[in-house]
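Shown next: structure-v8.csv, given as CSV, C-alpha atoms and all ligand atoms.
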chain,number,residue,atom,x,y,z
A,5,MET,CA,0.0,0.0,0.0
A,6,ALA,CA,1.3,3.5,-0.8
A,7,ASN,CA,2.2,5.7,2.0
A,8,ARG,CA,-0.1,8.5,2.9
A,9,LYS,CA,1.3,11.7,1.3
A,10,LEU,CA,2.8,14.5,3.3
A,11,VAL,CA,3.1,18.0,1.9
A,12,ALA,CA,5.3,20.2,4.1
A,13,GLY,CA,5.9,23.9,3.7
A,14,ASN,CA,9.3,25.3,4.6
A,15,TRP,CA,8.9,29.0,5.2
A,16,LYS,CA,12.6,29.6,5.7
A,17,MET,CA,13.3,33.1,6.9
A,18,HIS,CA,9.9,34.5,6.0
A,19,GLY,CA,6.9,35.5,8.1
A,20,THR,CA,5.9,37.7,10.9
A,21,ALA,CA,2.8,38.1,13.1
A,22,ASP,CA,0.7,39.3,10.1
A,23,SER,CA,1.4,35.9,8.4
A,24,ILE,CA,-0.8,34.0,10.9
A,25,ALA,CA,-3.9,34.9,8.8
A,26,GLU,CA,-2.3,33.1,5.9
A,27,ILE,CA,-1.5,30.0,8.0
A,28,VAL,CA,-5.1,29.9,9.2
A,29,ARG,CA,-6.3,30.1,5.6
A,30,ILE,CA,-4.1,27.2,4.7
A,31,ALA,CA,-5.0,25.1,7.7
A,32,ALA,CA,-8.8,25.6,7.2
A,33,ALA,CA,-8.7,24.3,3.6
A,34,VAL,CA,-6.7,21.1,3.9
A,35,PRO,CA,-8.6,18.2,2.2
A,36,ALA,CA,-9.0,14.7,3.6
A,37,GLY,CA,-6.5,12.0,2.7
A,38,VAL,CA,-3.2,14.0,2.9
A,39,ASP,CA,-1.0,15.2,5.7
A,40,VAL,CA,0.0,18.8,5.6
A,41,ALA,CA,2.5,20.7,7.8
A,42,LEU,CA,4.2,24.1,7.9
A,43,CYS,CA,7.7,24.5,9.2
A,44,LEU,CA,8.0,28.0,10.4
A,45,PRO,CA,10.6,30.4,11.7
A,46,ALA,CA,10.9,29.7,15.5
A,47,THR,CA,9.4,33.1,16.3
A,48,LEU,CA,6.1,32.0,14.8
A,49,ILE,CA,5.8,28.5,16.1
A,50,GLU,CA,3.9,29.1,19.3
A,51,ARG,CA,1.6,31.7,17.8
A,52,ALA,CA,0.8,29.5,14.9
A,53,ALA,CA,0.3,26.4,17.0
A,54,ARG,CA,-2.2,28.3,19.1
A,55,ALA,CA,-4.0,29.7,16.0
A,56,VAL,CA,-4.4,26.4,14.3
A,57,PRO,CA,-4.8,23.7,16.9
A,58,GLY,CA,-4.6,20.2,15.4
A,59,PHE,CA,-2.7,21.4,12.3
A,60,ALA,CA,1.0,20.3,12.2
A,61,ILE,CA,3.4,23.1,12.8
A,62,GLY,CA,7.1,22.4,12.7
A,63,GLY,CA,10.6,23.9,13.1
A,64,GLN,CA,13.3,24.2,10.5
A,65,ASP,CA,16.3,23.1,12.6
A,66,VAL,CA,17.2,21.8,16.0
A,67,HIS,CA,20.3,21.3,18.1
A,68,GLY,CA,21.8,17.8,18.5
A,69,GLU,CA,22.1,18.2,22.3
A,70,ALA,CA,19.2,18.3,24.7
A,71,LYS,CA,20.5,21.3,26.6
A,72,GLY,CA,23.6,23.4,27.2
A,73,ALA,CA,25.6,26.5,26.4
A,74,PHE,CA,24.6,26.9,22.7
A,75,THR,CA,23.8,30.5,22.1
A,76,GLY,CA,21.1,31.0,19.5
A,77,ASP,CA,20.2,27.3,19.2
A,78,LEU,CA,17.0,25.5,20.1
A,79,ALA,CA,16.6,22.1,21.7
A,80,ALA,CA,14.1,19.6,20.5
A,81,HIS,CA,12.1,19.7,23.7
A,82,GLN,CA,11.9,23.5,23.4
A,83,LEU,CA,10.4,23.2,19.9
A,84,HIS,CA,8.0,20.6,21.3
A,85,ASP,CA,7.1,22.9,24.2
A,86,ALA,CA,6.4,25.7,21.8
A,87,GLY,CA,3.9,23.5,20.0
A,88,ALA,CA,5.9,22.0,17.1
A,89,ARG,CA,5.1,18.5,16.1
A,90,LEU,CA,7.9,18.0,13.6
A,91,VAL,CA,11.2,19.5,12.5
A,92,ILE,CA,13.4,19.6,9.3
A,93,VAL,CA,17.0,18.5,9.8
A,94,GLY,CA,19.9,18.6,7.3
A,95,HIS,CA,18.4,21.1,4.9
A,96,SER,CA,21.1,22.0,2.3
A,97,GLU,CA,20.9,25.7,3.5
A,98,ARG,CA,22.0,24.4,6.9
A,99,ARG,CA,24.5,21.9,5.5
A,100,ASP,CA,26.1,24.5,3.2
A,101,GLY,CA,25.5,27.8,5.0
A,102,HIS,CA,26.2,26.5,8.5
A,103,ARG,CA,28.6,23.7,7.6
A,104,GLU,CA,26.6,21.0,9.2
A,105,SER,CA,28.1,17.6,8.8
A,106,ASP,CA,26.2,14.3,8.2
A,107,GLY,CA,27.1,13.4,11.8
A,108,GLN,CA,25.5,16.6,13.2
A,109,VAL,CA,22.4,16.0,11.1
A,110,ARG,CA,22.2,12.5,12.5
A,111,ALA,CA,22.5,13.8,16.1
A,112,LYS,CA,19.8,16.4,15.3
A,113,ALA,CA,17.5,13.6,14.1
A,114,ILE,CA,18.1,11.5,17.2
A,115,SER,CA,17.5,14.4,19.5
A,116,ALA,CA,14.3,15.4,17.7
A,117,MET,CA,12.9,11.9,17.8
A,118,ALA,CA,13.8,11.5,21.5
A,119,ALA,CA,11.6,14.6,22.1
A,120,ALA,CA,8.7,13.1,20.1
A,121,LEU,CA,9.1,15.3,17.1
A,122,ASP,CA,8.6,13.8,13.6
A,123,VAL,CA,11.7,14.3,11.5
A,124,ILE,CA,12.0,15.3,7.8
A,125,LEU,CA,15.7,14.6,7.0
A,126,CYS,CA,17.0,16.3,3.9
A,127,VAL,CA,19.6,15.1,1.4
A,128,GLY,CA,20.5,16.4,-2.1
A,129,GLU,CA,23.3,16.7,-4.6
A,130,SER,CA,24.9,19.8,-6.2
A,131,PHE,CA,24.6,20.5,-9.9
A,132,ALA,CA,28.3,19.6,-10.4
A,133,GLU,CA,27.7,16.2,-8.7
A,134,ARG,CA,24.7,15.6,-11.0
A,135,GLU,CA,26.6,16.7,-14.1
A,136,ALA,CA,29.4,14.3,-13.1
A,137,GLY,CA,26.9,11.4,-12.9
A,138,ARG,CA,27.4,11.1,-9.2
A,139,ALA,CA,24.0,12.2,-7.9
A,140,VAL,CA,22.7,8.8,-6.7
A,141,ALA,CA,26.1,7.9,-5.2
A,142,THR,CA,26.4,11.2,-3.4
A,143,VAL,CA,22.9,11.3,-2.0
A,144,SER,CA,23.0,7.7,-1.0
A,145,ALA,CA,26.2,8.2,1.0
A,146,GLN,CA,24.8,11.4,2.6
A,147,LEU,CA,21.7,9.4,3.6
A,148,ASP,CA,23.6,6.5,5.1
A,149,ALA,CA,25.7,8.8,7.2
A,150,SER,CA,22.8,11.0,8.3
A,151,LEU,CA,20.1,8.6,9.2
A,152,PRO,CA,19.3,7.9,12.9
A,153,PRO,CA,19.1,4.4,14.3
A,154,ALA,CA,15.3,4.4,14.2
A,155,ALA,CA,13.4,5.2,11.0
A,156,PRO,CA,12.4,8.9,10.7
A,157,ASP,CA,9.0,10.0,9.5
A,158,ALA,CA,10.3,11.4,6.2
A,159,VAL,CA,13.3,11.9,4.0
A,160,ALA,CA,13.3,14.8,1.6
A,161,TYR,CA,15.3,14.6,-1.6
A,162,GLU,CA,16.1,18.1,-2.5
A,163,PRO,CA,18.6,18.6,-5.3
A,164,ILE,CA,20.5,21.8,-4.3
A,165,TRP,CA,20.4,23.2,-7.8
A,166,ALA,CA,16.5,22.9,-7.9
A,167,ILE,CA,15.9,24.9,-4.8
A,168,GLY,CA,14.4,28.3,-5.6
A,169,THR,CA,15.6,28.1,-9.2
A,170,GLY,CA,12.4,27.0,-11.1
A,171,ARG,CA,14.4,24.0,-12.4
A,172,ILE,CA,13.6,20.4,-11.5
A,173,PRO,CA,15.2,17.1,-12.4
A,174,SER,CA,13.4,15.0,-15.1
A,175,LEU,CA,10.7,12.8,-13.7
A,176,GLU,CA,12.9,9.8,-14.6
A,177,ASP,CA,15.7,11.3,-12.5
A,178,ILE,CA,13.4,11.9,-9.5
A,179,GLY,CA,12.2,8.3,-9.9
A,180,GLU,CA,15.7,6.9,-10.1
A,181,MET,CA,16.7,8.8,-6.9
A,182,HIS,CA,13.6,7.9,-4.9
A,183,SER,CA,13.9,4.2,-5.9
A,184,ALA,CA,17.6,4.2,-4.8
A,185,LEU,CA,16.7,5.9,-1.5
A,186,ARG,CA,13.9,3.5,-0.8
A,187,GLY,CA,16.3,0.6,-1.3
A,188,ARG,CA,18.7,2.0,1.2
A,189,LEU,CA,15.9,2.7,3.7
A,190,VAL,CA,14.6,-0.8,3.4
A,191,ALA,CA,18.2,-2.3,3.7
A,192,LEU,CA,18.7,-0.3,6.9
A,193,TYR,CA,15.2,-0.5,8.6
A,194,GLY,CA,13.5,-3.4,7.0
A,195,GLU,CA,9.7,-3.0,6.9
A,196,ALA,CA,9.9,0.4,8.7
A,197,GLY,CA,11.9,1.6,5.7
A,198,VAL,CA,8.9,1.1,3.5
A,199,ALA,CA,6.9,3.5,5.7
A,200,VAL,CA,9.4,6.3,5.6
A,201,ARG,CA,7.8,9.0,3.4
A,202,LEU,CA,10.1,10.1,0.6
A,203,LEU,CA,9.4,13.7,-0.3
A,204,TYR,CA,10.7,15.6,-3.3
A,205,GLY,CA,11.7,19.2,-2.8
A,206,GLY,CA,13.0,21.9,-5.1
A,207,SER,CA,10.8,24.3,-7.2
A,208,VAL,CA,7.6,22.4,-6.5
A,209,LYS,CA,4.7,24.5,-7.9
A,210,PRO,CA,1.0,24.1,-8.6
A,211,SER,CA,2.0,23.6,-12.3
A,212,ASN,CA,4.3,20.6,-11.7
A,213,ALA,CA,3.0,19.1,-8.5
A,214,ALA,CA,0.7,16.5,-10.0
A,215,GLU,CA,3.3,15.0,-12.3
A,216,ILE,CA,5.9,14.8,-9.5
A,217,PHE,CA,3.3,13.1,-7.2
A,218,GLY,CA,2.7,10.6,-10.1
A,219,VAL,CA,6.3,9.3,-9.8
A,220,ALA,CA,6.8,6.0,-8.0
A,221,ASP,CA,8.1,6.3,-4.4
A,222,VAL,CA,7.3,10.0,-4.2
A,223,ASP,CA,5.2,10.3,-1.0
A,224,GLY,CA,4.9,14.0,-0.9
A,225,ALA,CA,6.8,17.3,-1.2
A,226,LEU,CA,8.8,19.7,0.8
A,227,VAL,CA,7.8,23.1,-0.6
A,228,GLY,CA,9.6,26.4,-0.1
A,229,GLY,CA,8.5,29.5,-2.0
A,230,ALA,CA,5.1,28.1,-3.0
A,231,SER,CA,4.2,27.3,0.6
A,232,LEU,CA,4.0,31.0,1.6
A,233,THR,CA,0.5,31.7,0.3
A,234,ALA,CA,-2.6,29.6,0.4
A,235,ALA,CA,-3.2,30.4,-3.3
A,236,ASP,CA,0.0,28.6,-4.3
A,237,PHE,CA,0.2,26.0,-1.5
A,238,LEU,CA,-3.3,24.6,-1.5
A,239,PRO,CA,-3.3,23.5,-5.2
A,240,ILE,CA,-0.1,21.5,-4.4
A,241,VAL,CA,-1.9,19.9,-1.4
A,242,VAL,CA,-4.9,19.1,-3.5
A,243,ALA,CA,-2.7,17.5,-6.1
A,244,ALA,CA,-1.2,15.3,-3.4
A,245,ALA,CA,-4.7,14.4,-2.1
A,246,ASN,CA,-5.8,13.4,-5.6
A,247,SER,CA,-2.7,11.4,-6.6
A,301,LIG,P1,11.6,26.0,-3.2
A,301,LIG,O1,10.3,25.3,-3.2
A,301,LIG,O2,11.5,27.5,-3.0
A,301,LIG,O3,12.5,25.7,-4.4
A,301,LIG,O4,12.5,25.5,-1.9
A,301,LIG,C1,12.6,24.2,-1.7
A,301,LIG,C2,13.1,24.0,-0.4
A,301,LIG,O5,14.3,24.3,-0.1
A,301,LIG,C3,12.2,23.4,0.6
A,301,LIG,O6,12.9,23.0,1.8

What is this structure when it is put down as structure tokens?
Amino acid sequence: MANRKLVAGNWKMHGTADSIAEIVRIAAAVPAGVDVALCLPATLIERAARAVPGFAIGGQDVHGEAKGAFTGDLAAHQLHDAGARLVIVGHSERRDGHRESDGQVRAKAISAMAAALDVILCVGESFAEREAGRAVATVSAQLDASLPPAAPDAVAYEPIWAIGTGRIPSLEDIGEMHSALRGRLVALYGEAGVAVRLLYGGSVKPSNAAEIFGVADVDGALVGGASLTAADFLPIVVAAANS
């Protein structure tokens, strides 16, 4: 049986108090048959969680330690306390911009799951790696080194060169990557690896969502820019519900 689809929005460094109305619009229109979440800036998590009880609000990063002298960081239990139900770990903007290693990403996933947060663990190759024919090898190695001992809720395949660019891999390339990732998840977790939701991320829009959701082993999407408004995000959610 196919996994229930998950469409998660990643708001990155966007949103202030006046965005709550948009979050309410999105939460109010979610159709049956699909899981939807919004991963917000930390400053909005508690307000959003109060505004849309029952709707999944998440964070975008978490520290690998449960507490300590880590200025500016957030622990998993603090995100949970603020009302988050899930968190993204290992986004390429953290791996590249903040030099996060696979080992740190793994520690973050472990710490999040210990605090009862669902995890979306991100992996993805650079354009040079894809051009060199090393996309599957690179992303598989990243996955192996980043995965926690217990299966996370979701893994997001986000080719770095597709993020915010309007470019996406061919559907064949998405299918090839997701099938390879599924193989590794099953090798590591057995049956539990079948249930890990494999999300595609990178320039997902209302115009391309349906065809992406039609690819085997695509169990949803991690959406950046198009998750910021109900007008763009809801058609993607509906495409997932109908797929
Ligand atoms: P875009 O959808 O804006 O390309 O961003 C993708 C992403 O990075 C989601 O985490």

Within 10 Å of segment 49-65 of chain A, counting only C-alpha atoms, which residues show up once you throw out same-chain ones fewer than 3 positions away? Write them as a ChimeraX atom specification, please.
-> /A:12-17,21,23-25,27-32,34,39-46,68,77-80,83-95,98,109,112-113,116,121-124

List all protein, DNA and RNA residues that have any atom at most 8 Å from ligand LIG 301 (chain A), counting all atoms listed in the file, and write the list as JSON, numbers by chain.
-> {"A": [13, 14, 15, 16, 95, 96, 97, 162, 164, 166, 167, 168, 169, 170, 205, 206, 207, 208, 209, 226, 227, 228, 229, 230, 231]}

Students should find that atom CA of Ala139 of chain A and atom CA of Ser174 of chain A are spaced 13.1 Å

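For the set A:Ala154, A:Val190, A:Val66, A:Ile172, the residue with the smallest atom-to-atom gap to Gln82 of chain A is A:Val66, counting only C-alpha atoms.
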
If you count all atoms listed in the file, the residue of A:Val38, A:Ala158, A:Leu238, A:Ala184 closest to Leu202 of chain A turns out to be A:Ala158

What is the distance between atom CA of His67 of chain A and atom CA of Ala160 of chain A, in Å to one decimal?
->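 Computed distance, atom CA of His67 of chain A to atom CA of Ala160 of chain A, equals 19.1 Å.
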
Counting all atoms listed in the file, what is within 10 Å of segment 194-200 of chain A, bar same-chain residues fewer than 2 positions away, as a ChimeraX atom specification?
-> /A:5-8,124,154-159,185-192,202-203,221,223

Nearest candidate to Ala132 of chain A (options A:Pro163, A:Met181, A:Tyr204, A:Ser105; using only C-alpha atoms) |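 The shortest atom-to-atom distance to Ala132 of chain A comes from A:Pro163.
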
Residue among A:His81, A:Asn212, A:His18, A:Pro152 lying closest to Ala120 of chain A, counting all atoms listed in the file = A:His81

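The spacing separating atom CA of Thr233 of chain A from atom CA of Ala245 of chain A amounts to 18.2 Å.
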
Counting all atoms listed in the file, the residue of A:Ala33, A:Asp148, A:Pro173, A:Asn246 that sits nearest Glu135 of chain A =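 So, comparing all the options, the nearest one is A:Pro173.
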
For segment 139-164 of chain A, where the input has fewer atoms than it should, I would like N, CA, C and O atoms rebuilt and written as a PDB file, keeping the file's coordinate frame.
ATOM      1  N   ALA A 139      25.098  11.765  -8.794  1.00  0.00           N
ATOM      2  CA  ALA A 139      24.000  12.200  -7.900  1.00  0.00           C
ATOM      3  C   ALA A 139      23.543  11.070  -6.997  1.00  0.00           C
ATOM      4  O   ALA A 139      23.452  11.261  -5.774  1.00  0.00           O
ATOM      5  N   VAL A 140      23.278   9.898  -7.544  1.00  0.00           N
ATOM      6  CA  VAL A 140      22.700   8.800  -6.700  1.00  0.00           C
ATOM      7  C   VAL A 140      23.778   8.373  -5.673  1.00  0.00           C
ATOM      8  O   VAL A 140      23.455   8.179  -4.491  1.00  0.00           O
ATOM      9  N   ALA A 141      25.037   8.273  -6.092  1.00  0.00           N
ATOM     10  CA  ALA A 141      26.100   7.900  -5.200  1.00  0.00           C
ATOM     11  C   ALA A 141      26.260   8.874  -4.031  1.00  0.00           C
ATOM     12  O   ALA A 141      26.358   8.521  -2.849  1.00  0.00           O
ATOM     13  N   THR A 142      26.250  10.161  -4.399  1.00  0.00           N
ATOM     14  CA  THR A 142      26.400  11.200  -3.400  1.00  0.00           C
ATOM     15  C   THR A 142      25.308  11.242  -2.391  1.00  0.00           C
ATOM     16  O   THR A 142      25.518  11.283  -1.179  1.00  0.00           O
ATOM     17  N   VAL A 143      24.085  11.201  -2.905  1.00  0.00           N
ATOM     18  CA  VAL A 143      22.900  11.300  -2.000  1.00  0.00           C
ATOM     19  C   VAL A 143      22.774  10.053  -1.167  1.00  0.00           C
ATOM     20  O   VAL A 143      22.421  10.136   0.009  1.00  0.00           O
ATOM     21  N   SER A 144      23.100   8.903  -1.737  1.00  0.00           N
ATOM     22  CA  SER A 144      23.000   7.700  -1.000  1.00  0.00           C
ATOM     23  C   SER A 144      24.007   7.687   0.193  1.00  0.00           C
ATOM     24  O   SER A 144      23.683   7.287   1.321  1.00  0.00           O
ATOM     25  N   ALA A 145      25.211   8.173  -0.078  1.00  0.00           N
ATOM     26  CA  ALA A 145      26.200   8.200   1.000  1.00  0.00           C
ATOM     27  C   ALA A 145      25.806   9.218   2.063  1.00  0.00           C
ATOM     28  O   ALA A 145      25.974   8.964   3.266  1.00  0.00           O
ATOM     29  N   GLN A 146      25.234  10.340   1.625  1.00  0.00           N
ATOM     30  CA  GLN A 146      24.800  11.400   2.600  1.00  0.00           C
ATOM     31  C   GLN A 146      23.656  10.756   3.469  1.00  0.00           C
ATOM     32  O   GLN A 146      23.655  10.938   4.686  1.00  0.00           O
ATOM     33  N   LEU A 147      22.763  10.016   2.834  1.00  0.00           N
ATOM     34  CA  LEU A 147      21.700   9.400   3.600  1.00  0.00           C
ATOM     35  C   LEU A 147      22.202   8.417   4.605  1.00  0.00           C
ATOM     36  O   LEU A 147      21.840   8.480   5.787  1.00  0.00           O
ATOM     37  N   ASP A 148      23.071   7.509   4.175  1.00  0.00           N
ATOM     38  CA  ASP A 148      23.600   6.500   5.100  1.00  0.00           C
ATOM     39  C   ASP A 148      24.251   7.120   6.315  1.00  0.00           C
ATOM     40  O   ASP A 148      24.103   6.626   7.421  1.00  0.00           O
ATOM     41  N   ALA A 149      24.974   8.233   6.093  1.00  0.00           N
ATOM     42  CA  ALA A 149      25.700   8.800   7.200  1.00  0.00           C
ATOM     43  C   ALA A 149      24.841   9.746   8.069  1.00  0.00           C
ATOM     44  O   ALA A 149      25.243  10.119   9.171  1.00  0.00           O
ATOM     45  N   SER A 150      23.643  10.096   7.578  1.00  0.00           N
ATOM     46  CA  SER A 150      22.800  11.000   8.300  1.00  0.00           C
ATOM     47  C   SER A 150      21.636  10.368   9.049  1.00  0.00           C
ATOM     48  O   SER A 150      21.051  10.965   9.955  1.00  0.00           O
ATOM     49  N   LEU A 151      21.277   9.170   8.636  1.00  0.00           N
ATOM     50  CA  LEU A 151      20.100   8.600   9.200  1.00  0.00           C
ATOM     51  C   LEU A 151      20.271   8.161  10.668  1.00  0.00           C
ATOM     52  O   LEU A 151      21.315   7.619  11.028  1.00  0.00           O
ATOM     53  N   PRO A 152      19.248   8.378  11.482  1.00  0.00           N
ATOM     54  CA  PRO A 152      19.300   7.900  12.900  1.00  0.00           C
ATOM     55  C   PRO A 152      19.044   6.428  12.972  1.00  0.00           C
ATOM     56  O   PRO A 152      18.621   5.817  11.991  1.00  0.00           O
ATOM     57  N   PRO A 153      19.269   5.816  14.129  1.00  0.00           N
ATOM     58  CA  PRO A 153      19.100   4.400  14.300  1.00  0.00           C
ATOM     59  C   PRO A 153      17.641   3.910  14.049  1.00  0.00           C
ATOM     60  O   PRO A 153      17.419   2.813  13.544  1.00  0.00           O
ATOM     61  N   ALA A 154      16.665   4.728  14.428  1.00  0.00           N
ATOM     62  CA  ALA A 154      15.300   4.400  14.200  1.00  0.00           C
ATOM     63  C   ALA A 154      14.759   5.179  12.980  1.00  0.00           C
ATOM     64  O   ALA A 154      15.208   6.299  12.736  1.00  0.00           O
ATOM     65  N   ALA A 155      13.834   4.601  12.224  1.00  0.00           N
ATOM     66  CA  ALA A 155      13.400   5.200  11.000  1.00  0.00           C
ATOM     67  C   ALA A 155      12.695   6.585  11.263  1.00  0.00           C
ATOM     68  O   ALA A 155      11.811   6.673  12.114  1.00  0.00           O
ATOM     69  N   PRO A 156      13.096   7.645  10.543  1.00  0.00           N
ATOM     70  CA  PRO A 156      12.400   8.900  10.700  1.00  0.00           C
ATOM     71  C   PRO A 156      11.068   8.894   9.937  1.00  0.00           C
ATOM     72  O   PRO A 156      10.815   7.967   9.165  1.00  0.00           O
ATOM     73  N   ASP A 157      10.243   9.898  10.170  1.00  0.00           N
ATOM     74  CA  ASP A 157       9.000  10.000   9.500  1.00  0.00           C
ATOM     75  C   ASP A 157       9.183  10.147   7.965  1.00  0.00           C
ATOM     76  O   ASP A 157       8.540   9.484   7.147  1.00  0.00           O
ATOM     77  N   ALA A 158      10.120  11.038   7.602  1.00  0.00           N
ATOM     78  CA  ALA A 158      10.300  11.400   6.200  1.00  0.00           C
ATOM     79  C   ALA A 158      11.710  11.709   5.835  1.00  0.00           C
ATOM     80  O   ALA A 158      12.467  12.215   6.669  1.00  0.00           O
ATOM     81  N   VAL A 159      12.063  11.418   4.600  1.00  0.00           N
ATOM     82  CA  VAL A 159      13.300  11.900   4.000  1.00  0.00           C
ATOM     83  C   VAL A 159      12.961  12.718   2.814  1.00  0.00           C
ATOM     84  O   VAL A 159      12.103  12.329   2.007  1.00  0.00           O
ATOM     85  N   ALA A 160      13.578  13.897   2.714  1.00  0.00           N
ATOM     86  CA  ALA A 160      13.300  14.800   1.600  1.00  0.00           C
ATOM     87  C   ALA A 160      14.497  14.800   0.645  1.00  0.00           C
ATOM     88  O   ALA A 160      15.600  15.142   1.070  1.00  0.00           O
ATOM     89  N   TYR A 161      14.258  14.424  -0.601  1.00  0.00           N
ATOM     90  CA  TYR A 161      15.300  14.600  -1.600  1.00  0.00           C
ATOM     91  C   TYR A 161      15.174  15.945  -2.235  1.00  0.00           C
ATOM     92  O   TYR A 161      14.181  16.248  -2.907  1.00  0.00           O
ATOM     93  N   GLU A 162      16.159  16.781  -1.971  1.00  0.00           N
ATOM     94  CA  GLU A 162      16.100  18.100  -2.500  1.00  0.00           C
ATOM     95  C   GLU A 162      17.439  18.427  -3.242  1.00  0.00           C
ATOM     96  O   GLU A 162      18.453  18.780  -2.621  1.00  0.00           O
ATOM     97  N   PRO A 163      17.433  18.267  -4.568  1.00  0.00           N
ATOM     98  CA  PRO A 163      18.600  18.600  -5.300  1.00  0.00           C
ATOM     99  C   PRO A 163      18.919  20.117  -5.097  1.00  0.00           C
ATOM    100  O   PRO A 163      18.027  20.956  -5.275  1.00  0.00           O
ATOM    101  N   ILE A 164      20.139  20.433  -4.695  1.00  0.00           N
ATOM    102  CA  ILE A 164      20.500  21.800  -4.300  1.00  0.00           C
ATOM    103  C   ILE A 164      20.195  22.784  -5.445  1.00  0.00           C
ATOM    104  O   ILE A 164      19.685  23.886  -5.242  1.00  0.00           O
TER     105      ILE A 164
END
